[in-house]
$ cat query.pdb   # PDB, C-alpha atoms
MODEL        1
ATOM      1  CA  SER P 370      97.897  35.407  70.407
ATOM      2  CA  ASN P 371      99.886  38.296  68.904
ATOM      3  CA  PHE P 372      98.189  41.646  68.495
ATOM      4  CA  GLN P 373      97.491  42.369  64.817
ATOM      5  CA  LEU P 374      96.344  45.553  63.155
ATOM      6  CA  TYR P 375      93.508  44.781  60.712
ATOM      7  CA  GLY P 376      92.346  46.904  57.815
ATOM      8  CA  THR P 377      93.666  48.356  54.596
ATOM      9  CA  ASP P 378      96.903  50.292  54.311
ATOM     10  CA  SER P 379      95.021  53.594  54.031
ATOM     11  CA  GLU P 380      93.027  52.784  57.159
ATOM     12  CA  LYS P 381      96.237  51.879  58.972
ATOM     13  CA  SER P 382      97.822  55.184  57.908
ATOM     14  CA  ILE P 383      94.803  57.160  59.053
ATOM     15  CA  LEU P 384      94.837  55.354  62.421
ATOM     16  CA  VAL P 385      98.553  56.052  62.939
ATOM     17  CA  ILE P 386      98.187  59.711  61.937
ATOM     18  CA  GLY P 387      95.140  60.056  64.195
ATOM     19  CA  THR P 388      97.059  58.573  67.127
ATOM     20  CA  ILE P 389      99.931  61.033  66.570
ATOM     21  CA  ILE P 390      97.524  63.982  66.364
ATOM     22  CA  VAL P 391      95.687  62.951  69.552
ATOM     23  CA  THR P 392      99.016  62.485  71.354
ATOM     24  CA  PHE P 393     100.249  65.904  70.212
ATOM     25  CA  ILE P 394      97.007  67.612  71.236
ATOM     26  CA  SER P 395      97.123  65.913  74.667
ATOM     27  CA  TRP P 396     100.745  66.995  75.146
ATOM     28  CA  TRP P 397      99.933  70.575  74.102
ATOM     29  CA  VAL P 398      96.897  70.833  76.397
ATOM     30  CA  TRP P 399      98.817  69.354  79.352
ATOM     31  CA  GLY P 400     101.682  71.724  78.700
ATOM     32  CA  ARG P 401      99.331  74.691  78.637
ATOM     33  CA  LEU P 402      97.656  73.565  81.870
ATOM     34  CA  SER P 403     101.032  73.012  83.554
ATOM     35  CA  VAL P 404     102.293  76.433  82.502
ATOM     36  CA  HIS P 405      99.047  78.027  83.616
ATOM     37  CA  TYR P 406      99.209  76.241  86.959
ATOM     38  CA  SER P 407     102.892  77.066  87.450
ATOM     39  CA  THR P 408     102.313  80.678  86.452
ATOM     40  CA  LYS P 409      99.301  80.946  88.735
ATOM     41  CA  THR P 410     101.226  79.372  91.634
ATOM     42  CA  GLY P 411     104.272  81.552  90.928
ATOM     43  CA  ASN P 412     102.125  84.685  90.777
ATOM     44  CA  ARG P 413     100.435  83.734  94.039
ATOM     45  CA  LEU P 414     103.827  83.164  95.708
ATOM     46  CA  SER P 415     105.134  86.418  94.280
ATOM     47  CA  ILE P 416     102.095  88.279  95.576
ATOM     48  CA  GLN P 417     102.513  86.687  99.011
ATOM     49  CA  LEU P 418     106.192  87.683  99.129
ATOM     50  CA  GLU P 419     105.393  91.224  98.007
ATOM     51  CA  THR P 420     102.622  91.420 100.602
ATOM     52  CA  SER P 421     104.977  90.195 103.358
ATOM     53  CA  GLU P 422     107.625  92.728 102.364
ATOM     54  CA  GLU P 423     105.034  95.518 102.310
ATOM     55  CA  LYS P 424     103.768  94.511 105.760
ATOM     56  CA  SER P 425     107.317  94.442 107.148
ATOM     57  CA  GLU P 426     108.047  97.831 105.604
ATOM     58  CA  ILE P 427     104.849  99.327 107.043
ATOM     59  CA  ILE P 428     105.608  97.931 110.513
ATOM     60  CA  ILE P 429     109.222  99.173 110.525
ATOM     61  CA  GLN P 430     108.248 102.617 109.268
ATOM     62  CA  SER P 431     105.454 102.830 111.855
ATOM     63  CA  ILE P 432     107.750 102.192 114.837
ATOM     64  CA  SER P 433     108.196 105.378 116.862
ATOM     65  CA  ASP P 434     111.742 104.363 117.843
ATOM     66  CA  GLY P 435     114.595 104.898 115.428
ATOM     67  CA  VAL P 436     115.789 101.735 113.673
ATOM     68  CA  ILE P 437     118.987 101.463 111.622
ATOM     69  CA  ALA P 438     120.482  98.206 110.327
ATOM     70  CA  PHE P 439     124.101  97.851 109.220
ATOM     71  CA  ASP P 440     125.934  95.173 107.272
ATOM     72  CA  LYS P 441     129.267  93.552 108.208
ATOM     73  CA  THR P 442     131.201  96.486 106.739
ATOM     74  CA  GLY P 443     129.270  99.069 108.759
ATOM     75  CA  LYS P 444     127.165 100.377 105.877
ATOM     76  CA  ILE P 445     123.493 101.208 106.379
ATOM     77  CA  THR P 446     121.061  98.714 104.856
ATOM     78  CA  LEU P 447     117.847  99.948 106.509
ATOM     79  CA  ILE P 448     116.676 103.146 108.173
ATOM     80  CA  ASN P 449     113.124 103.991 109.223
ATOM     81  CA  SER P 450     111.409 107.379 109.288
ATOM     82  CA  ALA P 451     111.934 107.898 113.048
ATOM     83  CA  ALA P 452     115.692 107.381 112.652
ATOM     84  CA  SER P 453     115.644 109.684 109.642
ATOM     85  CA  THR P 454     114.039 112.432 111.757
ATOM     86  CA  LEU P 455     116.469 112.026 114.668
ATOM     87  CA  THR P 456     119.613 111.929 112.515
ATOM     88  CA  GLU P 457     118.322 114.578 110.062
ATOM     89  CA  TRP P 458     119.239 112.329 107.138
ATOM     90  CA  SER P 459     116.718 111.352 104.491
ATOM     91  CA  THR P 460     116.224 107.633 103.928
ATOM     92  CA  ALA P 461     117.436 107.849 100.329
ATOM     93  CA  ASP P 462     120.622 109.748 101.260
ATOM     94  CA  ALA P 463     121.463 107.547 104.264
ATOM     95  CA  MET P 464     121.203 104.167 102.507
ATOM     96  CA  GLY P 465     124.624 102.695 101.755
ATOM     97  CA  LEU P 466     126.577 105.211 103.824
ATOM     98  CA  ASP P 467     128.953 104.296 106.645
ATOM     99  CA  ALA P 468     127.440 104.229 110.123
ATOM    100  CA  HIS P 469     129.608 107.012 111.558
ATOM    101  CA  LEU P 470     128.505 109.444 108.826
ATOM    102  CA  VAL P 471     124.819 109.182 109.705
ATOM    103  CA  LEU P 472     124.718 108.057 113.339
ATOM    104  CA  LYS P 473     127.022 110.625 114.949
ATOM    105  CA  VAL P 474     126.912 110.025 118.678
ATOM    106  CA  SER P 475     128.697 111.264 121.777
ATOM    107  CA  ASP P 476     128.618 110.510 125.486
ATOM    108  CA  GLU P 477     126.559 112.683 127.805
ATOM    109  CA  ASP P 478     129.731 114.577 128.697
ATOM    110  CA  GLY P 479     130.183 115.473 125.002
ATOM    111  CA  SER P 480     133.056 113.130 124.118
ATOM    112  CA  ALA P 481     132.619 111.626 120.646
ATOM    113  CA  LEU P 482     132.096 107.884 120.152
ATOM    114  CA  ASN P 483     133.211 105.847 117.141
ATOM    115  CA  ILE P 484     129.888 104.159 116.505
ATOM    116  CA  LYS P 485     131.177 102.156 113.516
ATOM    117  CA  ASP P 486     133.840 100.336 115.539
ATOM    118  CA  TYR P 487     131.301  99.829 118.302
ATOM    119  CA  LEU P 488     128.789  98.241 115.904
ATOM    120  CA  LEU P 489     131.334  96.006 114.195
ATOM    121  CA  SER P 490     132.657  94.804 117.552
ATOM    122  CA  ILE P 491     129.162  93.755 118.616
ATOM    123  CA  ALA P 492     128.438  92.130 115.238
ATOM    124  CA  ASN P 493     131.700  90.213 114.931
ATOM    125  CA  ASN P 494     131.683  88.979 118.520
ATOM    126  CA  LYS P 495     127.938  88.232 118.472
ATOM    127  CA  LYS P 496     127.537  90.125 121.730
ATOM    128  CA  GLU P 497     124.175  90.404 123.411
ATOM    129  CA  SER P 498     122.195  93.628 123.337
ATOM    130  CA  VAL P 499     124.090  96.602 124.731
ATOM    131  CA  THR P 500     122.159  99.603 126.086
ATOM    132  CA  ARG P 501     123.569 103.016 126.862
ATOM    133  CA  THR P 502     122.548 106.661 126.927
ATOM    134  CA  VAL P 503     124.137 108.809 124.223
ATOM    135  CA  ILE P 504     123.586 112.054 122.347
ATOM    136  CA  ILE P 505     122.803 111.941 118.631
ATOM    137  CA  ASN P 506     124.212 114.915 116.757
ATOM    138  CA  GLY P 507     121.965 115.553 113.770
ATOM    139  CA  HIS P 508     123.163 116.224 110.247
ATOM    140  CA  ILE P 509     122.131 119.884 110.563
ATOM    141  CA  ASN P 510     122.193 121.061 114.188
ATOM    142  CA  LYS P 511     119.751 118.954 116.188
ATOM    143  CA  GLN P 512     120.949 117.208 119.340
ATOM    144  CA  THR P 513     118.871 114.449 120.889
ATOM    145  CA  ILE P 514     119.480 112.395 124.014
ATOM    146  CA  VAL P 515     118.570 108.792 123.271
ATOM    147  CA  SER P 516     118.604 105.381 124.870
ATOM    148  CA  LEU P 517     120.583 103.321 122.356
ATOM    149  CA  VAL P 518     120.272  99.532 122.087
ATOM    150  CA  ILE P 519     122.622  97.679 119.720
ATOM    151  CA  SER P 520     122.245  93.983 118.899
ATOM    152  CA  PRO P 521     124.007  91.679 116.437
ATOM    153  CA  LEU P 522     121.980  90.837 113.336
ATOM    154  CA  LEU P 523     122.003  87.032 113.270
ATOM    155  CA  ILE P 524     120.669  85.028 110.328
ATOM    156  CA  PRO P 525     119.170  81.557 111.073
ATOM    157  CA  PRO P 526     119.626  78.648 111.066
ATOM    158  CA  ASN P 527     123.347  78.941 111.898
ATOM    159  CA  ASN P 528     123.031  82.397 113.509
ATOM    160  CA  GLU P 529     125.744  83.849 111.320
ATOM    161  CA  ALA P 530     126.421  87.517 112.034
ATOM    162  CA  GLU P 531     125.444  89.652 109.048
ATOM    163  CA  GLY P 532     125.825  92.987 110.783
ATOM    164  CA  ALA P 533     124.128  94.846 113.617
ATOM    165  CA  ILE P 534     120.921  96.713 114.299
ATOM    166  CA  ALA P 535     120.573  99.867 116.378
ATOM    167  CA  VAL P 536     117.302 100.887 118.032
ATOM    168  CA  PHE P 537     117.127 104.224 119.820
ATOM    169  CA  ARG P 538     114.433 106.146 121.690
ATOM    170  CA  ASP P 539     114.277 109.874 122.281
ATOM    171  CA  ILE P 540     114.578 110.436 126.050
ATOM    172  CA  THR P 541     115.436 114.145 125.888
ATOM    173  CA  LYS P 542     112.276 115.209 127.715
ATOM    174  CA  ALA P 543     112.731 112.556 130.414
ATOM    175  CA  LYS P 544     116.346 113.618 130.930
ATOM    176  CA  GLN P 545     115.309 117.289 131.202
ATOM    177  CA  GLU P 546     112.693 116.425 133.812
ATOM    178  CA  GLU P 547     115.233 114.336 135.701
ATOM    179  CA  ARG P 548     117.705 117.229 135.611
ATOM    180  CA  GLN P 549     115.025 119.657 136.863
ATOM    181  CA  ARG P 550     114.195 117.364 139.774
ATOM    182  CA  SER P 551     117.868 117.028 140.625
ATOM    183  CA  ASP P 552     118.360 120.820 140.482
ATOM    184  CA  PHE P 553     115.285 121.379 142.680
ATOM    185  CA  ILE P 554     116.499 118.892 145.305
ATOM    186  CA  SER P 555     119.978 120.411 145.249
ATOM    187  CA  THR P 556     118.618 123.954 145.609
ATOM    188  CA  ALA P 557     116.136 123.000 148.321
ATOM    189  CA  SER P 558     118.846 121.158 150.214
ATOM    190  CA  HIS P 559     121.121 124.187 150.046
ATOM    191  CA  GLU P 560     118.385 126.616 151.097
ATOM    192  CA  MET P 561     117.371 124.403 153.992
ATOM    193  CA  ARG P 562     120.899 124.000 155.246
ATOM    194  CA  SER P 563     121.185 127.456 156.855
ATOM    195  CA  PRO P 564     117.924 127.449 158.872
ATOM    196  CA  VAL P 565     118.436 123.857 159.942
ATOM    197  CA  ALA P 566     121.912 124.740 161.178
ATOM    198  CA  ALA P 567     120.455 127.627 163.205
ATOM    199  CA  ILE P 568     117.737 125.376 164.679
ATOM    200  CA  GLU P 569     120.327 122.761 165.607
ATOM    201  CA  GLY P 570     122.374 125.481 167.316
ATOM    202  CA  TYR P 571     119.408 126.708 169.386
ATOM    203  CA  LEU P 572     118.448 123.137 170.303
ATOM    204  CA  SER P 573     121.966 122.351 171.490
ATOM    205  CA  LEU P 574     121.915 125.509 173.625
ATOM    206  CA  ALA P 575     118.496 124.630 175.040
ATOM    207  CA  LEU P 576     119.566 121.121 175.898
ATOM    208  CA  ASN P 577     122.809 122.227 177.499
ATOM    209  CA  PRO P 578     122.338 121.792 181.290
ATOM    210  CA  GLN P 579     124.865 124.510 182.014
ATOM    211  CA  LEU P 580     122.692 127.158 180.375
TER     212      LEU P 580
ENDMDL
END
$ encode --input "query.pdb" --output "structure tokens"
Amino acid sequence: SNFQLYGTDSEKSILVIGTIIVTFISWWVWGRLSVHYSTKTGNRLSIQLETSEEKSEIIIQSISDGVIAFDKTGKITLINSAASTLTEWSTADAMGLDAHLVLKVSDEDGSALNIKDYLLSIANNKKESVTRTVIINGHINKQTIVSLVISPLLIPPNNEAEGAIAVFRDITKAKQEERQRSDFISTASHEMRSPVAAIEGYLSLALNPQL
């Protein structure tokens, strides 16, 4: 049998209006709950992202080695406090500058190196980590001997090169100790040469059967 709506016209009107009101209230409450849930979830995600970024920042700034990241054009995108101390550039001033302006390096013999070309070559060719000993010439007057490691900055999943990252450790003290040991051995060898030569001479005379 067909469904029929019984009652007077006024009762029918009230029923229809009531149905509309209930539907509207349900829609409004659901909308509020959805917004609240979405907002709560979004806030939670935002907090998690902020927390992750803060943790990463704390870790990078706590590393005792200098860390500088560069983009594909050779401009600095990240520099930690250790790198700031070694280069004598503040973090705020170094951000966005070209690599060769902040990271001024030279070989141990004093010949200057074009660090920007070096970084871009490693980034563009996706070379593996390259380690070498160089001298960092600070922005003011500080010179530091460092072990420099440069690696391409690859972004997953396709490992596209987005720049390079340089990590360097102060080895000035170790190099000084190595130089002192070398000087001591050289001096001792020189000082020992004369008496050893005399001893060898006397031994050859003593072992000569004609004498």
$ closest_residue --input "query.pdb" --among "P:Leu447, P:Leu455, P:Val515, P:Leu482" --to "Gly532 of chain P" --atoms "all atoms listed in the file"
P:Leu447
$ residues_around --input "query.pdb" --residues "segment 448-454 of chain P" --least-positions-apart "3" --cutoff "6 Å" --atoms "only C-alpha atoms" --output "PDB file with C-alpha atoms, in the coordinates of the input"
ATOM      1  CA  GLN P 430     108.248 102.617 109.268  1.00  0.00           C
ATOM      2  CA  SER P 433     108.196 105.378 116.862  1.00  0.00           C
ATOM      3  CA  ASP P 434     111.742 104.363 117.843  1.00  0.00           C
ATOM      4  CA  GLY P 435     114.595 104.898 115.428  1.00  0.00           C
ATOM      5  CA  VAL P 436     115.789 101.735 113.673  1.00  0.00           C
ATOM      6  CA  ILE P 437     118.987 101.463 111.622  1.00  0.00           C
ATOM      7  CA  GLU P 457     118.322 114.578 110.062  1.00  0.00           C
ATOM      8  CA  TRP P 458     119.239 112.329 107.138  1.00  0.00           C
ATOM      9  CA  SER P 459     116.718 111.352 104.491  1.00  0.00           C
TER      10      SER P 459
END
$ closest_residue --input "query.pdb" --among "P:Ile519, P:Val536, P:Ile514, P:Leu489" --to "Glu477 of chain P" --atoms "only C-alpha atoms"
P:Ile514
$ atom_distance --input "query.pdb" --atom1 "atom CA of Ser490 of chain P" --atom2 "atom CA of Lys544 of chain P"
28.3 Å
$ axis_aligned_box --input "query.pdb" --around "segment 494-508 of chain P" --padding-each-side "5 Å" --output "JSON"
{"center_x": 126.8, "center_y": 102.2, "center_z": 118.6, "size_x": 19.7, "size_y": 38.0, "size_z": 26.7}
$ closest_residue --input "query.pdb" --among "P:Ala461, P:Asn528, P:Ile554, P:Leu488" --to "Lys444 of chain P" --atoms "only C-alpha atoms"
P:Leu488
$ atom_distance --input "query.pdb" --atom1 "atom CA of Thr500 of chain P" --atom2 "atom CA of Met464 of chain P"
24.0 Å
$ atom_distance --input "query.pdb" --atom1 "atom CA of Lys485 of chain P" --atom2 "atom CA of Ala468 of chain P"
5.5 Å
$ decode --input "query.pdb" --residues "segment 443-472 of chain P" --atoms "N, CA, C and O atoms" --output "CSV table (one decimal), in the first residue's frame"
chain,number,residue,atom,x,y,z
P,443,GLY,N,74.4,27.7,-5.3
P,443,GLY,CA,75.5,28.0,-4.4
P,443,GLY,C,75.3,28.9,-3.3
P,443,GLY,O,76.2,29.4,-2.6
P,444,LYS,N,74.0,29.2,-3.1
P,444,LYS,CA,73.7,30.1,-1.9
P,444,LYS,C,73.4,29.3,-0.7
P,444,LYS,O,72.9,28.2,-0.7
P,445,ILE,N,73.7,29.9,0.5
P,445,ILE,CA,73.6,29.2,1.7
P,445,ILE,C,72.2,29.2,2.2
P,445,ILE,O,71.5,30.2,2.2
P,446,THR,N,71.7,28.0,2.5
P,446,THR,CA,70.4,27.8,3.0
P,446,THR,C,70.3,27.4,4.5
P,446,THR,O,69.3,27.4,5.1
P,447,LEU,N,71.5,27.0,5.0
P,447,LEU,CA,71.6,26.6,6.4
P,447,LEU,C,73.0,26.7,6.9
P,447,LEU,O,73.9,26.4,6.2
P,448,ILE,N,73.1,27.2,8.1
P,448,ILE,CA,74.5,27.3,8.7
P,448,ILE,C,74.3,27.2,10.3
P,448,ILE,O,73.4,27.8,10.8
P,449,ASN,N,75.1,26.3,10.9
P,449,ASN,CA,74.9,26.1,12.3
P,449,ASN,C,75.9,27.0,13.1
P,449,ASN,O,76.7,27.7,12.5
P,450,SER,N,75.8,27.0,14.4
P,450,SER,CA,76.6,27.9,15.2
P,450,SER,C,78.1,27.6,15.1
P,450,SER,O,78.9,28.5,15.2
P,451,ALA,N,78.4,26.3,15.0
P,451,ALA,CA,79.9,25.9,14.9
P,451,ALA,C,80.5,26.5,13.6
P,451,ALA,O,81.6,27.0,13.6
P,452,ALA,N,79.7,26.4,12.5
P,452,ALA,CA,80.2,27.0,11.2
P,452,ALA,C,80.2,28.5,11.3
P,452,ALA,O,81.2,29.1,10.8
P,453,SER,N,79.3,29.1,12.0
P,453,SER,CA,79.3,30.5,12.2
P,453,SER,C,80.6,31.0,13.0
P,453,SER,O,81.2,32.0,12.6
P,454,THR,N,81.0,30.2,14.0
P,454,THR,CA,82.2,30.5,14.8
P,454,THR,C,83.4,30.4,13.9
P,454,THR,O,84.3,31.2,13.9
P,455,LEU,N,83.5,29.3,13.1
P,455,LEU,CA,84.7,29.1,12.3
P,455,LEU,C,84.9,30.1,11.2
P,455,LEU,O,86.0,30.5,10.8
P,456,THR,N,83.8,30.4,10.6
P,456,THR,CA,83.8,31.4,9.4
P,456,THR,C,83.8,32.8,9.9
P,456,THR,O,84.0,33.7,9.1
P,457,GLU,N,83.4,33.1,11.1
P,457,GLU,CA,83.3,34.4,11.7
P,457,GLU,C,82.2,35.2,11.0
P,457,GLU,O,82.3,36.4,10.8
P,458,TRP,N,81.1,34.5,10.6
P,458,TRP,CA,79.9,35.1,10.0
P,458,TRP,C,78.8,34.7,10.9
P,458,TRP,O,78.6,33.6,11.3
P,459,SER,N,77.9,35.7,11.2
P,459,SER,CA,76.7,35.4,12.0
P,459,SER,C,75.7,34.6,11.1
P,459,SER,O,75.8,34.8,9.9
P,460,THR,N,74.9,33.8,11.7
P,460,THR,CA,73.9,33.1,11.0
P,460,THR,C,73.0,33.9,10.2
P,460,THR,O,72.7,33.6,9.0
P,461,ALA,N,72.6,35.0,10.7
P,461,ALA,CA,71.6,35.9,10.0
P,461,ALA,C,72.3,36.6,8.8
P,461,ALA,O,71.7,36.7,7.7
P,462,ASP,N,73.6,37.0,8.9
P,462,ASP,CA,74.3,37.6,7.8
P,462,ASP,C,74.7,36.6,6.7
P,462,ASP,O,74.7,37.0,5.6
P,463,ALA,N,74.9,35.4,7.1
P,463,ALA,CA,75.4,34.4,6.1
P,463,ALA,C,74.3,33.8,5.3
P,463,ALA,O,74.5,33.4,4.1
P,464,MET,N,73.1,33.7,5.8
P,464,MET,CA,72.0,33.1,5.1
P,464,MET,C,71.7,33.9,3.8
P,464,MET,O,71.6,35.1,3.7
P,465,GLY,N,71.7,33.1,2.7
P,465,GLY,CA,71.3,33.7,1.4
P,465,GLY,C,72.5,34.2,0.6
P,465,GLY,O,72.4,34.5,-0.6
P,466,LEU,N,73.7,34.2,1.2
P,466,LEU,CA,74.9,34.6,0.5
P,466,LEU,C,75.5,33.5,-0.3
P,466,LEU,O,75.3,32.3,0.0
P,467,ASP,N,76.4,33.9,-1.3
P,467,ASP,CA,77.1,32.9,-2.1
P,467,ASP,C,78.1,32.1,-1.2
P,467,ASP,O,78.7,32.7,-0.3
P,468,ALA,N,78.4,30.9,-1.5
P,468,ALA,CA,79.3,30.1,-0.8
P,468,ALA,C,80.6,30.7,-0.6
P,468,ALA,O,81.2,30.7,0.5
P,469,HIS,N,81.2,31.2,-1.7
P,469,HIS,CA,82.6,31.7,-1.7
P,469,HIS,C,82.8,32.9,-0.8
P,469,HIS,O,83.9,33.3,-0.4
P,470,LEU,N,81.7,33.6,-0.5
P,470,LEU,CA,81.7,34.8,0.3
P,470,LEU,C,81.9,34.5,1.8
P,470,LEU,O,82.5,35.2,2.6
P,471,VAL,N,81.3,33.3,2.2
P,471,VAL,CA,81.3,32.9,3.6
P,471,VAL,C,82.4,31.9,3.9
P,471,VAL,O,83.2,32.0,4.8
P,472,LEU,N,82.4,30.8,3.0
P,472,LEU,CA,83.3,29.7,3.2
P,472,LEU,C,84.6,30.0,2.3
P,472,LEU,O,84.7,29.4,1.2
